[in-house]
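Notes for the one structure printed next.
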Amino acid sequence: MIMISQEQRNVLEIVDKMINEEKTFEEISNYLYNNGYVFRVETKNGYTSKTRFEICTSNDMKYTFVDLIKRRNGKAYFETYRIS
């Protein structure tokens, strides 16, 4: 069984709803930013990703385990933390 916090649940519901409404990446990122979330980008081997953004809370930079991923056509999709 996996437990997620209320904050994580809220972010998942917001992002999933907006993707189902076919909002663009810019619309989703602007909405999240205006509602108290910021993005963090991971750097691997000196390269910064231009398509994968980790959604964090703005007041304490707490990672919500939801990544917003930009697609080539301007749309977006999300991934959550993978448990193997």
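So you can find residues: chains in the structure tokens are A, B, ... in the order shown, residues in each start at 1, and ligands are numbered from 1 in order.
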
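Summary of the local environment: counting only C-alpha atoms, residues at most 10 Å from stretch 31-41 of chain A, other than itself and those fewer than 4 positions away along its chain, are Val11, Ile14, Val15, Met18, Phe25, Glu26, Glu27, Thr48, Ser49, Lys50, Thr51, Arg52, Phe53, Glu54, Ile55, Cys56, Thr57, Ser58, Asn59, Met61, Lys62, Tyr63, Thr64, Asp67 and Leu68 of chain A.
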
Restricted to N, CA and C atoms, what would the selected residues look like written as a PDB file, in the first residue's frame?
ATOM      1  N   VAL A  11      -2.108  18.018  -6.210  1.00  0.00           N
ATOM      2  CA  VAL A  11      -1.325  18.284  -7.418  1.00  0.00           C
ATOM      3  C   VAL A  11      -1.677  17.281  -8.507  1.00  0.00           C
ATOM      4  N   ILE A  14      -5.100  18.214  -9.973  1.00  0.00           N
ATOM      5  CA  ILE A  14      -5.046  19.433 -10.789  1.00  0.00           C
ATOM      6  C   ILE A  14      -4.418  19.144 -12.141  1.00  0.00           C
ATOM      7  N   VAL A  15      -3.248  18.510 -12.123  1.00  0.00           N
ATOM      8  CA  VAL A  15      -2.523  18.257 -13.366  1.00  0.00           C
ATOM      9  C   VAL A  15      -3.291  17.279 -14.250  1.00  0.00           C
ATOM     10  N   MET A  18      -6.270  19.062 -15.908  1.00  0.00           N
ATOM     11  CA  MET A  18      -5.880  20.009 -16.961  1.00  0.00           C
ATOM     12  C   MET A  18      -5.368  19.286 -18.206  1.00  0.00           C
ATOM     13  N   PHE A  25       1.222  22.952 -22.217  1.00  0.00           N
ATOM     14  CA  PHE A  25       2.214  22.967 -21.149  1.00  0.00           C
ATOM     15  C   PHE A  25       2.280  24.346 -20.498  1.00  0.00           C
ATOM     16  N   GLU A  26       2.245  25.386 -21.304  1.00  0.00           N
ATOM     17  CA  GLU A  26       2.326  26.761 -20.788  1.00  0.00           C
ATOM     18  C   GLU A  26       1.131  27.098 -19.902  1.00  0.00           C
ATOM     19  N   GLU A  27      -0.055  26.687 -20.298  1.00  0.00           N
ATOM     20  CA  GLU A  27      -1.249  26.946 -19.489  1.00  0.00           C
ATOM     21  C   GLU A  27      -1.177  26.227 -18.145  1.00  0.00           C
ATOM     22  N   THR A  48      21.078  20.010 -18.259  1.00  0.00           N
ATOM     23  CA  THR A  48      19.817  20.351 -17.623  1.00  0.00           C
ATOM     24  C   THR A  48      18.678  19.984 -18.568  1.00  0.00           C
ATOM     25  N   SER A  49      17.702  19.285 -18.056  1.00  0.00           N
ATOM     26  CA  SER A  49      16.567  18.866 -18.868  1.00  0.00           C
ATOM     27  C   SER A  49      15.733  20.075 -19.282  1.00  0.00           C
ATOM     28  N   LYS A  50      15.308  20.083 -20.528  1.00  0.00           N
ATOM     29  CA  LYS A  50      14.451  21.153 -21.036  1.00  0.00           C
ATOM     30  C   LYS A  50      12.994  20.714 -21.127  1.00  0.00           C
ATOM     31  N   THR A  51      12.727  19.461 -20.795  1.00  0.00           N
ATOM     32  CA  THR A  51      11.374  18.941 -20.949  1.00  0.00           C
ATOM     33  C   THR A  51      10.774  18.391 -19.667  1.00  0.00           C
ATOM     34  N   ARG A  52      11.556  18.019 -18.671  1.00  0.00           N
ATOM     35  CA  ARG A  52      11.049  17.399 -17.443  1.00  0.00           C
ATOM     36  C   ARG A  52      11.213  18.365 -16.274  1.00  0.00           C
ATOM     37  N   PHE A  53      10.081  18.679 -15.625  1.00  0.00           N
ATOM     38  CA  PHE A  53      10.071  19.629 -14.520  1.00  0.00           C
ATOM     39  C   PHE A  53       9.409  18.999 -13.305  1.00  0.00           C
ATOM     40  N   GLU A  54      10.097  19.033 -12.167  1.00  0.00           N
ATOM     41  CA  GLU A  54       9.550  18.516 -10.918  1.00  0.00           C
ATOM     42  C   GLU A  54       8.716  19.614 -10.262  1.00  0.00           C
ATOM     43  N   ILE A  55       7.506  19.287  -9.847  1.00  0.00           N
ATOM     44  CA  ILE A  55       6.620  20.261  -9.226  1.00  0.00           C
ATOM     45  C   ILE A  55       6.874  20.254  -7.721  1.00  0.00           C
ATOM     46  N   CYS A  56       7.171  21.448  -7.165  1.00  0.00           N
ATOM     47  CA  CYS A  56       7.452  21.596  -5.739  1.00  0.00           C
ATOM     48  C   CYS A  56       6.560  22.688  -5.163  1.00  0.00           C
ATOM     49  N   THR A  57       6.348  22.640  -3.856  1.00  0.00           N
ATOM     50  CA  THR A  57       5.621  23.717  -3.195  1.00  0.00           C
ATOM     51  C   THR A  57       6.556  24.916  -3.075  1.00  0.00           C
ATOM     52  N   SER A  58       6.025  26.113  -3.188  1.00  0.00           N
ATOM     53  CA  SER A  58       6.884  27.303  -3.222  1.00  0.00           C
ATOM     54  C   SER A  58       7.390  27.722  -1.858  1.00  0.00           C
ATOM     55  N   ASN A  59       6.661  27.421  -0.794  1.00  0.00           N
ATOM     56  CA  ASN A  59       7.083  27.921   0.509  1.00  0.00           C
ATOM     57  C   ASN A  59       8.226  27.121   1.117  1.00  0.00           C
ATOM     58  N   MET A  61       9.853  24.312  -0.840  1.00  0.00           N
ATOM     59  CA  MET A  61      10.485  23.542  -1.918  1.00  0.00           C
ATOM     60  C   MET A  61      10.347  22.032  -1.699  1.00  0.00           C
ATOM     61  N   LYS A  62       9.217  21.609  -1.172  1.00  0.00           N
ATOM     62  CA  LYS A  62       8.951  20.196  -0.931  1.00  0.00           C
ATOM     63  C   LYS A  62       8.463  19.556  -2.228  1.00  0.00           C
ATOM     64  N   TYR A  63       9.135  18.503  -2.658  1.00  0.00           N
ATOM     65  CA  TYR A  63       8.818  17.813  -3.906  1.00  0.00           C
ATOM     66  C   TYR A  63       7.507  17.054  -3.760  1.00  0.00           C
ATOM     67  N   THR A  64       6.609  17.208  -4.727  1.00  0.00           N
ATOM     68  CA  THR A  64       5.301  16.567  -4.661  1.00  0.00           C
ATOM     69  C   THR A  64       5.261  15.218  -5.383  1.00  0.00           C
ATOM     70  N   ASP A  67       5.992  14.938 -11.852  1.00  0.00           N
ATOM     71  CA  ASP A  67       6.802  15.609 -12.866  1.00  0.00           C
ATOM     72  C   ASP A  67       5.901  16.010 -14.020  1.00  0.00           C
ATOM     73  N   LEU A  68       6.048  17.243 -14.459  1.00  0.00           N
ATOM     74  CA  LEU A  68       5.333  17.722 -15.637  1.00  0.00           C
ATOM     75  C   LEU A  68       6.302  17.652 -16.808  1.00  0.00           C
TER      76      LEU A  68
END

(request) Just list the residues in chain A DSSP gives alpha helix (DSSP H) on the backbone, as a PyMOL selection string. (result) chain A and resi 6-20+25-34

(message) Can you pull out every residue from stretch 22-73 of chain A that DSSP, working from the backbone, puts in strand (DSSP E), and format the result as a list of chain:residue names?
(response)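 After running DSSP on the backbone, stretch 22-73 of chain A has strand (DSSP E) at A:Tyr37, A:Val38, A:Phe39, A:Arg40, A:Thr43, A:Lys44, A:Tyr47, A:Thr48, A:Arg52, A:Phe53, A:Glu54, A:Ile55, A:Cys56, A:Thr57, A:Tyr63, A:Thr64, A:Phe65, A:Val66, A:Asp67, A:Leu68, A:Ile69, A:Lys70.
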
(request) Kindly indicate which residue among A:Asn10, A:Ser5, A:Thr24, A:Asn30 lies nearest to A:Arg71, using only C-alpha atoms for the distances. (result)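 Going through A:Asn10, A:Ser5, A:Thr24, A:Asn30 one by one, the smallest distance to A:Arg71 is for A:Thr24.
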